[in-house]
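Engineer: My structure is in final19.tsv, and what it holds is TSV, C-alpha atoms:
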chain	number	residue	atom	x	y	z
K	28	MET	CA	21.39	-9.68	-9.73
K	29	ALA	CA	18.91	-9.88	-12.58
K	30	ARG	CA	15.67	-8.00	-12.11
K	31	VAL	CA	12.28	-8.55	-13.77
K	32	PHE	CA	9.40	-6.09	-13.51
K	33	VAL	CA	6.02	-6.62	-15.18
K	34	SER	CA	2.88	-4.58	-14.54
K	35	THR	CA	-0.64	-4.22	-15.87
K	36	VAL	CA	-4.08	-2.72	-15.24
K	37	ILE	CA	-6.94	-5.09	-14.40
K	38	ASN	CA	-10.56	-4.01	-14.85
K	39	ALA	CA	-11.77	-4.94	-11.37
K	40	PRO	CA	-11.43	-3.41	-7.91
K	41	ALA	CA	-8.24	-4.42	-6.10
K	42	ASP	CA	-10.08	-6.32	-3.34
K	43	ARG	CA	-11.81	-8.59	-5.87
K	44	VAL	CA	-8.53	-9.40	-7.63
K	45	TRP	CA	-6.84	-9.92	-4.25
K	46	ASP	CA	-9.54	-12.48	-3.33
K	47	ARG	CA	-8.47	-14.46	-6.37
K	48	ILE	CA	-4.70	-14.38	-5.86
K	49	ARG	CA	-4.07	-14.18	-2.09
K	50	ASP	CA	-4.26	-17.97	-1.57
K	51	PHE	CA	-0.61	-19.12	-1.67
K	52	ASN	CA	-1.89	-22.59	-2.54
K	53	GLY	CA	-4.28	-21.32	-5.21
K	54	LEU	CA	-2.10	-20.93	-8.31
K	55	PRO	CA	-3.85	-23.79	-10.21
K	56	LYS	CA	-7.14	-21.86	-9.84
K	57	TRP	CA	-5.93	-18.84	-11.79
K	58	HIS	CA	-2.51	-19.38	-13.42
K	59	PRO	CA	-2.70	-21.42	-16.62
K	60	ARG	CA	0.82	-22.86	-16.34
K	61	ILE	CA	0.22	-24.52	-12.95
K	62	ARG	CA	-1.36	-27.98	-12.79
K	63	ASP	CA	-1.57	-28.73	-9.07
K	64	SER	CA	-0.30	-27.38	-5.76
K	65	ARG	CA	-0.13	-28.41	-2.12
K	66	ILE	CA	1.23	-26.84	1.06
K	67	GLU	CA	3.87	-28.97	2.78
K	68	ASP	CA	3.40	-30.21	6.35
K	69	ALA	CA	-0.33	-29.38	6.17
K	70	LEU	CA	0.29	-25.77	7.21
K	71	PRO	CA	-2.33	-23.09	6.45
K	72	ALA	CA	-1.59	-21.34	3.13
K	73	ASP	CA	-1.44	-17.94	4.84
K	74	GLN	CA	1.09	-18.99	7.48
K	75	VAL	CA	4.21	-17.01	6.65
K	76	GLY	CA	7.05	-19.49	6.20
K	77	CYS	CA	4.86	-22.21	4.66
K	78	ILE	CA	6.09	-23.98	1.51
K	79	ARG	CA	4.00	-24.56	-1.60
K	80	ASN	CA	4.95	-27.55	-3.70
K	81	PHE	CA	3.48	-27.35	-7.20
K	82	ASN	CA	3.75	-28.92	-10.63
K	83	LEU	CA	3.67	-27.07	-13.92
K	84	GLN	CA	1.64	-28.32	-16.89
K	85	ASN	CA	4.95	-29.56	-18.37
K	86	GLY	CA	5.61	-31.71	-15.29
K	87	ASN	CA	8.32	-29.57	-13.70
K	88	ASN	CA	8.17	-29.38	-9.90
K	89	ILE	CA	8.83	-26.16	-7.96
K	90	ARG	CA	8.96	-25.47	-4.20
K	91	GLU	CA	8.47	-21.90	-2.98
K	92	GLN	CA	8.39	-20.43	0.52
K	93	LEU	CA	6.04	-17.64	1.60
K	94	LEU	CA	8.16	-14.77	3.00
K	95	GLY	CA	5.55	-12.05	3.42
K	96	LEU	CA	1.78	-11.64	3.09
K	97	SER	CA	-0.20	-8.45	3.67
K	98	ASP	CA	-3.96	-8.13	3.28
K	99	TYR	CA	-3.61	-4.46	4.16
K	100	ASP	CA	-1.08	-3.63	1.42
K	101	MET	CA	-2.21	-6.51	-0.83
K	102	PHE	CA	1.13	-8.11	-1.58
K	103	THR	CA	2.75	-11.50	-1.33
K	104	THR	CA	6.51	-12.15	-1.33
K	105	TYR	CA	8.09	-15.56	-1.81
K	106	ALA	CA	11.38	-17.31	-2.55
K	107	ILE	CA	12.15	-20.31	-4.73
K	108	LEU	CA	13.64	-23.19	-2.75
K	109	ASP	CA	13.92	-25.81	-5.52
K	110	SER	CA	13.21	-25.62	-9.22
K	111	PRO	CA	14.60	-26.91	-12.52
K	112	MET	CA	15.36	-23.30	-13.53
K	113	PRO	CA	19.03	-22.21	-13.55
K	114	VAL	CA	18.38	-19.33	-11.13
K	115	GLU	CA	19.55	-18.80	-7.54
K	116	ASP	CA	18.50	-16.49	-4.72
K	117	TYR	CA	15.15	-15.90	-6.39
K	118	ILE	CA	12.75	-13.62	-4.50
K	119	ALA	CA	9.52	-12.30	-6.05
K	120	THR	CA	6.70	-9.97	-5.02
K	121	LEU	CA	3.18	-9.75	-6.43
K	122	ARG	CA	1.35	-6.57	-5.44
K	123	LEU	CA	-2.00	-4.90	-6.14
K	124	THR	CA	-2.73	-1.18	-5.73
K	125	PRO	CA	-6.15	0.47	-6.15
K	126	VAL	CA	-6.69	2.98	-8.96
K	127	THR	CA	-8.87	5.43	-7.05
K	128	ASP	CA	-10.55	7.15	-10.01
K	129	GLY	CA	-12.07	4.00	-11.52
K	130	ALA	CA	-13.09	0.45	-10.60
K	131	ARG	CA	-9.76	-1.08	-11.59
K	132	CYS	CA	-6.40	-1.84	-10.08
K	133	PHE	CA	-2.68	-1.73	-10.85
K	134	ALA	CA	-0.89	-5.07	-10.58
K	135	GLU	CA	2.89	-5.47	-10.45
K	136	TRP	CA	4.98	-8.61	-10.27
K	137	SER	CA	8.73	-8.34	-9.79
K	138	ALA	CA	11.64	-10.64	-9.03
K	139	GLU	CA	15.35	-10.55	-8.37
K	140	PHE	CA	17.64	-13.53	-8.85
K	141	SER	CA	21.16	-14.63	-9.74
K	142	VAL	CA	21.75	-16.31	-13.09
K	143	ASP	CA	24.65	-17.02	-15.42
K	144	PRO	CA	25.18	-13.79	-17.45
K	145	ASP	CA	25.19	-15.77	-20.72
K	146	ILE	CA	21.56	-16.78	-20.23
K	147	GLU	CA	20.35	-13.83	-18.17
K	148	SER	CA	18.26	-12.11	-20.84
K	149	GLU	CA	16.66	-15.41	-21.81
K	150	TRP	CA	15.54	-16.09	-18.22
K	151	ILE	CA	14.36	-12.53	-17.67
K	152	ALA	CA	12.17	-13.00	-20.74
K	153	ASN	CA	10.94	-16.44	-19.62
K	154	ILE	CA	9.98	-15.36	-16.13
K	155	GLY	CA	8.58	-11.98	-17.14
K	156	GLY	CA	6.68	-13.37	-20.11
K	157	ASP	CA	5.48	-16.90	-19.39
K	158	VAL	CA	5.11	-16.63	-15.63
K	159	PHE	CA	4.23	-13.02	-14.81
K	160	GLN	CA	2.57	-11.71	-17.98
K	161	GLY	CA	0.96	-15.14	-18.50
K	162	GLY	CA	-0.62	-14.86	-15.06
K	163	PHE	CA	-1.76	-11.28	-15.66
K	164	ASP	CA	-3.29	-12.19	-19.02
K	165	ALA	CA	-5.30	-14.95	-17.33
K	166	LEU	CA	-6.50	-12.51	-14.64
K	167	LYS	CA	-7.46	-9.95	-17.28
K	168	ARG	CA	-9.44	-12.57	-19.20
K	169	HIS	CA	-11.19	-13.60	-15.99
K	170	PHE	CA	-12.11	-10.02	-15.03
K	171	GLY	CA	-13.00	-8.92	-18.56
K	172	GLY	CA	-9.95	-6.85	-19.46
V	192	MET	CA	-2.85	12.89	11.21
V	193	VAL	CA	-4.89	12.06	8.11
V	194	LYS	CA	-3.76	10.36	4.95
V	195	VAL	CA	-5.04	11.25	1.50
V	196	TYR	CA	-4.35	8.87	-1.38
V	197	ARG	CA	-5.35	9.21	-5.03
V	198	SER	CA	-4.17	7.25	-8.08
V	199	THR	CA	-4.90	7.05	-11.77
V	200	ILE	CA	-3.82	5.49	-15.05
V	201	LEU	CA	-2.59	7.72	-17.86
V	202	GLU	CA	-2.51	6.19	-21.33
V	203	ALA	CA	0.92	7.63	-22.08
V	204	PRO	CA	4.51	6.36	-21.63
V	205	ILE	CA	6.10	7.11	-18.28
V	206	GLU	CA	8.89	9.17	-19.91
V	207	VAL	CA	6.33	11.58	-21.34
V	208	VAL	CA	4.49	12.01	-18.02
V	209	TRP	CA	7.68	12.32	-15.97
V	210	ASP	CA	8.99	14.95	-18.37
V	211	ILE	CA	6.03	17.14	-17.37
V	212	LEU	CA	5.87	16.30	-13.65
V	213	ARG	CA	9.53	16.39	-12.68
V	214	ASP	CA	9.77	20.17	-13.08
V	215	PHE	CA	9.01	21.34	-9.53
V	216	ASN	CA	8.57	24.85	-10.93
V	217	GLY	CA	6.26	23.83	-13.79
V	218	HIS	CA	2.99	23.11	-12.04
V	219	ASP	CA	1.54	26.48	-13.05
V	220	ARG	CA	1.67	25.24	-16.65
V	221	TRP	CA	-0.81	22.41	-16.00
V	222	HIS	CA	-2.52	22.56	-12.61
V	223	PRO	CA	-5.79	24.53	-12.75
V	224	LEU	CA	-5.44	25.87	-9.17
V	225	ILE	CA	-2.05	27.47	-9.74
V	226	ALA	CA	-1.64	30.83	-11.42
V	227	ARG	CA	2.09	31.45	-10.95
V	228	SER	CA	5.13	29.56	-9.72
V	229	ALA	CA	8.66	30.71	-8.97
V	230	VAL	CA	11.59	28.98	-7.30
V	231	GLU	CA	13.16	31.20	-4.66
V	232	ARG	CA	16.79	32.39	-4.75
V	233	GLY	CA	17.02	31.46	-8.43
V	234	TYR	CA	17.75	27.84	-7.59
V	235	PRO	CA	17.24	25.21	-10.28
V	236	SER	CA	13.90	23.44	-9.79
V	237	ASP	CA	15.61	20.05	-9.47
V	238	LYS	CA	17.84	21.17	-6.59
V	239	VAL	CA	16.64	19.19	-3.58
V	240	GLY	CA	15.79	21.68	-0.85
V	241	CYS	CA	14.62	24.41	-3.22
V	242	VAL	CA	11.43	26.29	-2.33
V	243	ARG	CA	8.69	27.10	-4.81
V	244	SER	CA	6.40	29.97	-4.24
V	245	PHE	CA	2.90	29.59	-5.66
V	246	GLU	CA	0.23	32.11	-6.33
V	247	LEU	CA	-3.13	30.39	-6.60
V	248	GLN	CA	-5.95	31.44	-8.94
V	249	ASP	CA	-7.73	33.06	-5.98
V	250	GLY	CA	-4.67	35.22	-5.25
V	251	SER	CA	-3.53	33.41	-2.11
V	252	LYS	CA	0.08	32.31	-1.79
V	253	LEU	CA	1.87	29.24	-0.51
V	254	ARG	CA	5.42	27.96	-0.33
V	255	GLU	CA	6.57	24.35	-0.71
V	256	ARG	CA	10.00	22.76	-0.32
V	257	LEU	CA	11.28	19.92	-2.51
V	258	LEU	CA	12.35	17.15	-0.12
V	259	THR	CA	13.34	14.39	-2.53
V	260	LEU	CA	13.55	13.93	-6.30
V	261	SER	CA	14.43	10.64	-7.98
V	262	ASP	CA	14.72	10.07	-11.71
V	263	LEU	CA	15.34	6.39	-10.98
V	264	GLU	CA	12.13	5.97	-8.99
V	265	THR	CA	10.28	8.65	-11.02
V	266	ALA	CA	9.15	10.19	-7.73
V	267	PHE	CA	9.38	13.35	-5.67
V	268	SER	CA	8.18	14.56	-2.30
V	269	TYR	CA	7.61	17.98	-0.82
V	270	CYS	CA	6.35	19.73	2.28
V	271	LEU	CA	4.28	22.82	2.83
V	272	HIS	CA	5.78	25.84	4.59
V	273	ASP	CA	3.33	28.71	4.36
V	274	THR	CA	-0.24	28.15	3.37
V	275	PRO	CA	-3.60	29.93	3.51
V	276	LEU	CA	-5.16	26.62	4.64
V	277	PRO	CA	-4.51	24.88	7.99
V	278	LEU	CA	-2.71	21.80	6.59
V	279	PHE	CA	-0.16	21.34	9.35
V	280	ASN	CA	2.88	19.06	8.93
V	281	TYR	CA	1.86	18.44	5.33
V	282	VAL	CA	4.21	16.09	3.43
V	283	ALA	CA	3.22	14.78	-0.01
V	284	HIS	CA	4.61	12.13	-2.35
V	285	VAL	CA	4.20	11.79	-6.10
V	286	ARG	CA	5.27	8.56	-7.77
V	287	LEU	CA	5.00	7.18	-11.30
V	288	THR	CA	5.25	3.47	-12.12
V	289	PRO	CA	5.24	2.01	-15.64
V	290	VAL	CA	2.38	-0.20	-16.82
V	291	THR	CA	4.70	-2.46	-18.79
V	292	ASP	CA	2.20	-4.38	-20.92
V	293	GLN	CA	0.56	-1.23	-22.35
V	294	ASN	CA	3.36	1.35	-22.13
V	295	TRP	CA	1.08	3.43	-19.86
V	296	THR	CA	1.71	5.15	-16.52
V	297	PHE	CA	0.36	4.52	-13.01
V	298	TRP	CA	0.41	7.77	-11.04
V	299	GLU	CA	0.06	7.94	-7.25
V	300	TRP	CA	-0.25	11.15	-5.24
V	301	GLU	CA	-0.57	11.01	-1.48
V	302	SER	CA	0.01	13.04	1.65
V	303	ARG	CA	-0.29	13.11	5.41
V	304	PHE	CA	-1.12	16.19	7.45
V	305	ASP	CA	-2.81	17.46	10.61
V	306	PRO	CA	-6.02	19.39	9.98
V	307	PRO	CA	-8.03	21.10	12.71
V	308	PRO	CA	-10.50	18.39	13.87
V	309	ASP	CA	-13.58	20.33	12.80
V	310	ARG	CA	-12.25	20.80	9.24
V	311	ARG	CA	-10.88	17.29	8.72
V	312	ASP	CA	-13.47	16.07	6.17
V	313	GLU	CA	-13.52	19.35	4.27
V	314	LEU	CA	-9.72	19.53	3.94
V	315	THR	CA	-9.14	15.86	3.06
V	316	ALA	CA	-11.76	16.18	0.31
V	317	LEU	CA	-10.24	19.43	-0.92
V	318	VAL	CA	-6.72	17.98	-1.13
V	319	GLY	CA	-7.88	14.70	-2.72
V	320	GLU	CA	-10.30	16.18	-5.24
V	321	ASN	CA	-9.33	19.80	-5.97
V	322	VAL	CA	-5.57	19.26	-5.84
V	323	TYR	CA	-4.81	15.63	-6.74
V	324	GLN	CA	-7.74	14.45	-8.87
V	325	SER	CA	-8.00	17.75	-10.74
V	326	GLY	CA	-4.23	17.54	-11.35
V	327	PHE	CA	-4.71	14.04	-12.83
V	328	ASP	CA	-7.51	15.32	-15.05
V	329	ALA	CA	-5.48	18.34	-16.19
V	330	ILE	CA	-2.48	16.22	-17.22
V	331	ARG	CA	-4.78	13.74	-18.97
V	332	ALA	CA	-6.27	16.63	-20.96
V	333	THR	CA	-2.81	18.02	-21.75
V	334	LEU	CA	-1.64	14.64	-23.08
V	335	GLU	CA	-4.77	14.24	-25.20
V	336	LEU	CA	-4.17	17.66	-26.75
V	337	GLU	CA	-0.57	16.77	-27.51
V	338	SER	CA	-1.53	13.51	-29.18
V	339	GLU	CA	-4.12	15.10	-31.48
Show me, as structure tokens, the structure contained in the file I just sent.
Structural biologist:
Amino acid sequence: MARVFVSTVINAPADRVWDRIRDFNGLPKWHPRIRDSRIEDALPADQVGCIRNFNLQNGNNIREQLLGLSDYDMFTTYAILDSPMPVEDYIATLRLTPVTDGARCFAEWSAEFSVDPDIESEWIANIGGDVFQGGFDALKRHFGG
Amino acid sequence: MVKVYRSTILEAPIEVVWDILRDFNGHDRWHPLIARSAVERGYPSDKVGCVRSFELQDGSKLRERLLTLSDLETAFSYCLHDTPLPLFNYVAHVRLTPVTDQNWTFWEWESRFDPPPDRRDELTALVGENVYQSGFDAIRATLELESE
């Protein structure tokens, strides 16, 4: 299994950042690579098991299923069902944790997946850089650092 | 049972912070409350199950046992055996996580324990502020000195 781990510090309290990212159908609102998103079968976006069907800016389509959502621990876990990426068994978690001695929070985004060893490092870099760090950079711009 | 949780960001690589924190017998070198530390029976301080004996700045003594230590998770946990304060069933966890886009460190320190009901607020504040937050501040100051 390949593993990706990316983390950052965002200059806003965890509950404010969580408000922005908890919506499983809300990627187009905050992640620059996502063009549009819908939840299949008209389920609520916080119903565990629901599937988001979204398109990237480059036109690629991805379907992901919500596996876990916790407002108490501020994390969301999901699996890729269909994507043009050459990865299998992909499960990712996005989590926020308060930094108690300042008005900021720690954000971590990690994933595990199977991939052909010849292209493993390339896909670790793609997912960790474009998807995870790209999302964090957008959040940091939004919250001023 | 109460839970105390404190966390901070240190602007230093996780290897540097872990190098200081992982020594279960080294807290007298950086924590302002602790005057002296010794591991009993001459055990190495990274032997899980070892007991450290502290003398605090005020002369009181306490003993703590190392329950877990993980270099992979950069974490350890410990419990309190003998203490001048009524922190019953006290188990604490320290964990470091890398901040990958800055090469910094996220440090969490938390515990659960049973205080006497009438001293609950006093003891949770004491553990959170005088032990954990002042430990954060002391390590931050140590790292700033080293980088100058």
Engineer: Once you count all atoms listed in the file, which residues of chain V turn out to be within 10 Å of chain K? Could you give them as an NGL selection string?
Structural biologist: :V and (196-200 or 288-299 or 324 or 327)
Engineer: Hey, could you pull the box centre and edge lengths for range 67-79 of chain K, axis-aligned, 8 Å padding per side, all listed atoms, to one decimal in Å, as JSON?
Structural biologist:
{"center_x": 2.4, "center_y": -23.6, "center_z": 2.9, "size_x": 25.4, "size_y": 29.2, "size_z": 25.1}
Engineer: I'd like the neighbourhood of Ile225 in chain V as an MDAnalysis selection string, where a residue qualifies if any of its atoms comes within 6 Å (using only C-alpha atoms), though same-chain residues fewer than 4 positions away should be ignored.
Structural biologist: chainID V and resid 219 247:248
Engineer: I need the residue nearest Ala152 in chain K from this list: K:Ala138, K:Ile37, K:Ala69, K:Leu93. Use only C-alpha atoms for the distance.
Structural biologist: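 Once distances to Ala152 in chain K are computed over only C-alpha atoms, the minimum belongs to K:Ala138.
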Engineer: Show me, as an MDAnalysis selection string, the residues that have an atom within 12 Å of Ala283 in chain V when counting only C-alpha atoms, minus same-chain residues fewer than 4 positions from it.
Structural biologist: chainID V and resid 193:197 255:259 266:271 278:279 299:304 318:319 322:323
Engineer: Would you save the residues of that selection, restricted to C-alpha atoms, as a PDB file, in the frame of the given file?
Structural biologist:
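The file below, part.pdb, is the result:
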ATOM      1  CA  VAL V 193      -4.890  12.060   8.110  1.00  0.00           C
ATOM      2  CA  LYS V 194      -3.760  10.360   4.950  1.00  0.00           C
ATOM      3  CA  VAL V 195      -5.040  11.250   1.500  1.00  0.00           C
ATOM      4  CA  TYR V 196      -4.350   8.870  -1.380  1.00  0.00           C
ATOM      5  CA  ARG V 197      -5.350   9.210  -5.030  1.00  0.00           C
ATOM      6  CA  GLU V 255       6.570  24.350  -0.710  1.00  0.00           C
ATOM      7  CA  ARG V 256      10.000  22.760  -0.320  1.00  0.00           C
ATOM      8  CA  LEU V 257      11.280  19.920  -2.510  1.00  0.00           C
ATOM      9  CA  LEU V 258      12.350  17.150  -0.120  1.00  0.00           C
ATOM     10  CA  THR V 259      13.340  14.390  -2.530  1.00  0.00           C
ATOM     11  CA  ALA V 266       9.150  10.190  -7.730  1.00  0.00           C
ATOM     12  CA  PHE V 267       9.380  13.350  -5.670  1.00  0.00           C
ATOM     13  CA  SER V 268       8.180  14.560  -2.300  1.00  0.00           C
ATOM     14  CA  TYR V 269       7.610  17.980  -0.820  1.00  0.00           C
ATOM     15  CA  CYS V 270       6.350  19.730   2.280  1.00  0.00           C
ATOM     16  CA  LEU V 271       4.280  22.820   2.830  1.00  0.00           C
ATOM     17  CA  LEU V 278      -2.710  21.800   6.590  1.00  0.00           C
ATOM     18  CA  PHE V 279      -0.160  21.340   9.350  1.00  0.00           C
ATOM     19  CA  GLU V 299       0.060   7.940  -7.250  1.00  0.00           C
ATOM     20  CA  TRP V 300      -0.250  11.150  -5.240  1.00  0.00           C
ATOM     21  CA  GLU V 301      -0.570  11.010  -1.480  1.00  0.00           C
ATOM     22  CA  SER V 302       0.010  13.040   1.650  1.00  0.00           C
ATOM     23  CA  ARG V 303      -0.290  13.110   5.410  1.00  0.00           C
ATOM     24  CA  PHE V 304      -1.120  16.190   7.450  1.00  0.00           C
ATOM     25  CA  VAL V 318      -6.720  17.980  -1.130  1.00  0.00           C
ATOM     26  CA  GLY V 319      -7.880  14.700  -2.720  1.00  0.00           C
ATOM     27  CA  VAL V 322      -5.570  19.260  -5.840  1.00  0.00           C
ATOM     28  CA  TYR V 323      -4.810  15.630  -6.740  1.00  0.00           C
TER      29      TYR V 323
END
Engineer: Could you tell me how far CA of Ala29 in chain K lies from CA of Arg65 in chain K, in Å and to one decimal?
Structural biologist: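 If I compute the distance from CA of Ala29 in chain K to CA of Arg65 in chain K, I get 28.6 Å.
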Engineer: To one decimal place, how far is CA of His284 in chain V from CA of Phe215 in chain V in Å?
Structural biologist: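 Rounded to one decimal, the two atoms are 12.5 Å apart.
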Engineer: Pick from V:Ser228, V:His222, V:Asp237, V:Met192: nearest to Val282 in chain V, with only C-alpha atoms counted?
Structural biologist: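 When distances to Val282 in chain V are compared using only C-alpha atoms, the smallest one comes from V:Met192.
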Engineer: So that I can check the surroundings of Ala332 in chain V, please list as number ranges by chain every protein, DNA and RNA residue that reaches within 12 Å of it, counting all atoms listed in the file and ignoring chain neighbours fewer than 5 positions away.
Structural biologist: V: 201-203, 221-223, 325-327, 337-339
Engineer: If you measure from CA of Val158 in chain K to CA of Val44 in chain K, what distance in Å do you get, rounded to one decimal?
Structural biologist: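 If I compute the distance from CA of Val158 in chain K to CA of Val44 in chain K, I get 17.4 Å.
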Engineer: I'd like the contact shell of Arg220 in chain V - 12 Å cut-off, all atoms listed in the file, skipping same-chain residues fewer than 2 positions apart - returned as a PyMOL selection string.
Structural biologist: chain V and resi 211-212+214-218+222-229+245+326+329-330+333
Engineer: Using only C-alpha atoms, please write the residues we just selected to a file, as a CSV table (one decimal), in the coordinates of the input.
Structural biologist:
chain,number,residue,atom,x,y,z
V,211,ILE,CA,6.0,17.1,-17.4
V,212,LEU,CA,5.9,16.3,-13.6
V,214,ASP,CA,9.8,20.2,-13.1
V,215,PHE,CA,9.0,21.3,-9.5
V,216,ASN,CA,8.6,24.8,-10.9
V,217,GLY,CA,6.3,23.8,-13.8
V,218,HIS,CA,3.0,23.1,-12.0
V,222,HIS,CA,-2.5,22.6,-12.6
V,223,PRO,CA,-5.8,24.5,-12.8
V,224,LEU,CA,-5.4,25.9,-9.2
V,225,ILE,CA,-2.0,27.5,-9.7
V,226,ALA,CA,-1.6,30.8,-11.4
V,227,ARG,CA,2.1,31.4,-11.0
V,228,SER,CA,5.1,29.6,-9.7
V,229,ALA,CA,8.7,30.7,-9.0
V,245,PHE,CA,2.9,29.6,-5.7
V,326,GLY,CA,-4.2,17.5,-11.4
V,329,ALA,CA,-5.5,18.3,-16.2
V,330,ILE,CA,-2.5,16.2,-17.2
V,333,THR,CA,-2.8,18.0,-21.8
Engineer: At a cut-off of 12 Å around the point (2.3, -29.5, -19.9) (file coordinates), what residues fall inside when counting all atoms listed in the file? I'd like the answer as a list of chain:residue names.
Structural biologist: K:Pro59, K:Arg60, K:Ile61, K:Arg62, K:Asp63, K:Asn82, K:Leu83, K:Gln84, K:Asn85, K:Gly86, K:Asn87, K:Asn88
Engineer: Mind checking which residues fall within 7 Å of Val142 in chain K, counting only C-alpha atoms, ignoring those fewer than 2 positions away in the same chain, and posting them as a list in words?
Structural biologist: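 The neighbour list is Pro113, Val114, Glu115, Phe140, Pro144 and Glu147 of chain K.
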Engineer: Can you patch up range 291-305 of chain V, filling it in to N, CA and C atoms, and show the result as a CSV table (one decimal), keeping the file's coordinate frame?
Structural biologist:
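Written output follows (out.csv):
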chain,number,residue,atom,x,y,z
V,291,THR,N,3.8,-2.0,-17.8
V,291,THR,CA,4.7,-2.5,-18.8
V,291,THR,C,4.0,-3.1,-20.0
V,292,ASP,N,2.8,-3.7,-19.8
V,292,ASP,CA,2.2,-4.4,-20.9
V,292,ASP,C,1.4,-3.5,-21.8
V,293,GLN,N,1.3,-2.2,-21.5
V,293,GLN,CA,0.6,-1.2,-22.4
V,293,GLN,C,1.4,0.0,-22.7
V,294,ASN,N,2.6,0.1,-22.0
V,294,ASN,CA,3.4,1.4,-22.1
V,294,ASN,C,2.6,2.6,-21.6
V,295,TRP,N,1.8,2.4,-20.5
V,295,TRP,CA,1.1,3.4,-19.9
V,295,TRP,C,1.8,3.8,-18.6
V,296,THR,N,1.1,4.7,-17.8
V,296,THR,CA,1.7,5.2,-16.5
V,296,THR,C,0.7,5.1,-15.4
V,297,PHE,N,1.1,4.5,-14.3
V,297,PHE,CA,0.4,4.5,-13.0
V,297,PHE,C,0.9,5.7,-12.1
V,298,TRP,N,0.0,6.6,-11.7
V,298,TRP,CA,0.4,7.8,-11.0
V,298,TRP,C,-0.3,7.8,-9.7
V,299,GLU,N,0.6,7.9,-8.6
V,299,GLU,CA,0.1,7.9,-7.2
V,299,GLU,C,0.5,9.3,-6.6
V,300,TRP,N,-0.5,9.9,-5.9
V,300,TRP,CA,-0.2,11.2,-5.2
V,300,TRP,C,-0.9,11.0,-3.8
V,301,GLU,N,-0.1,11.2,-2.8
V,301,GLU,CA,-0.6,11.0,-1.5
V,301,GLU,C,0.1,12.0,-0.5
V,302,SER,N,-0.6,12.2,0.6
V,302,SER,CA,0.0,13.0,1.6
V,302,SER,C,-0.5,12.7,3.0
V,303,ARG,N,0.2,13.1,4.0
V,303,ARG,CA,-0.3,13.1,5.4
V,303,ARG,C,-0.2,14.5,6.0
V,304,PHE,N,-1.2,14.9,6.8
V,304,PHE,CA,-1.1,16.2,7.4
V,304,PHE,C,-2.1,16.2,8.6
V,305,ASP,N,-1.9,17.3,9.4
V,305,ASP,CA,-2.8,17.5,10.6
V,305,ASP,C,-3.8,18.6,10.3
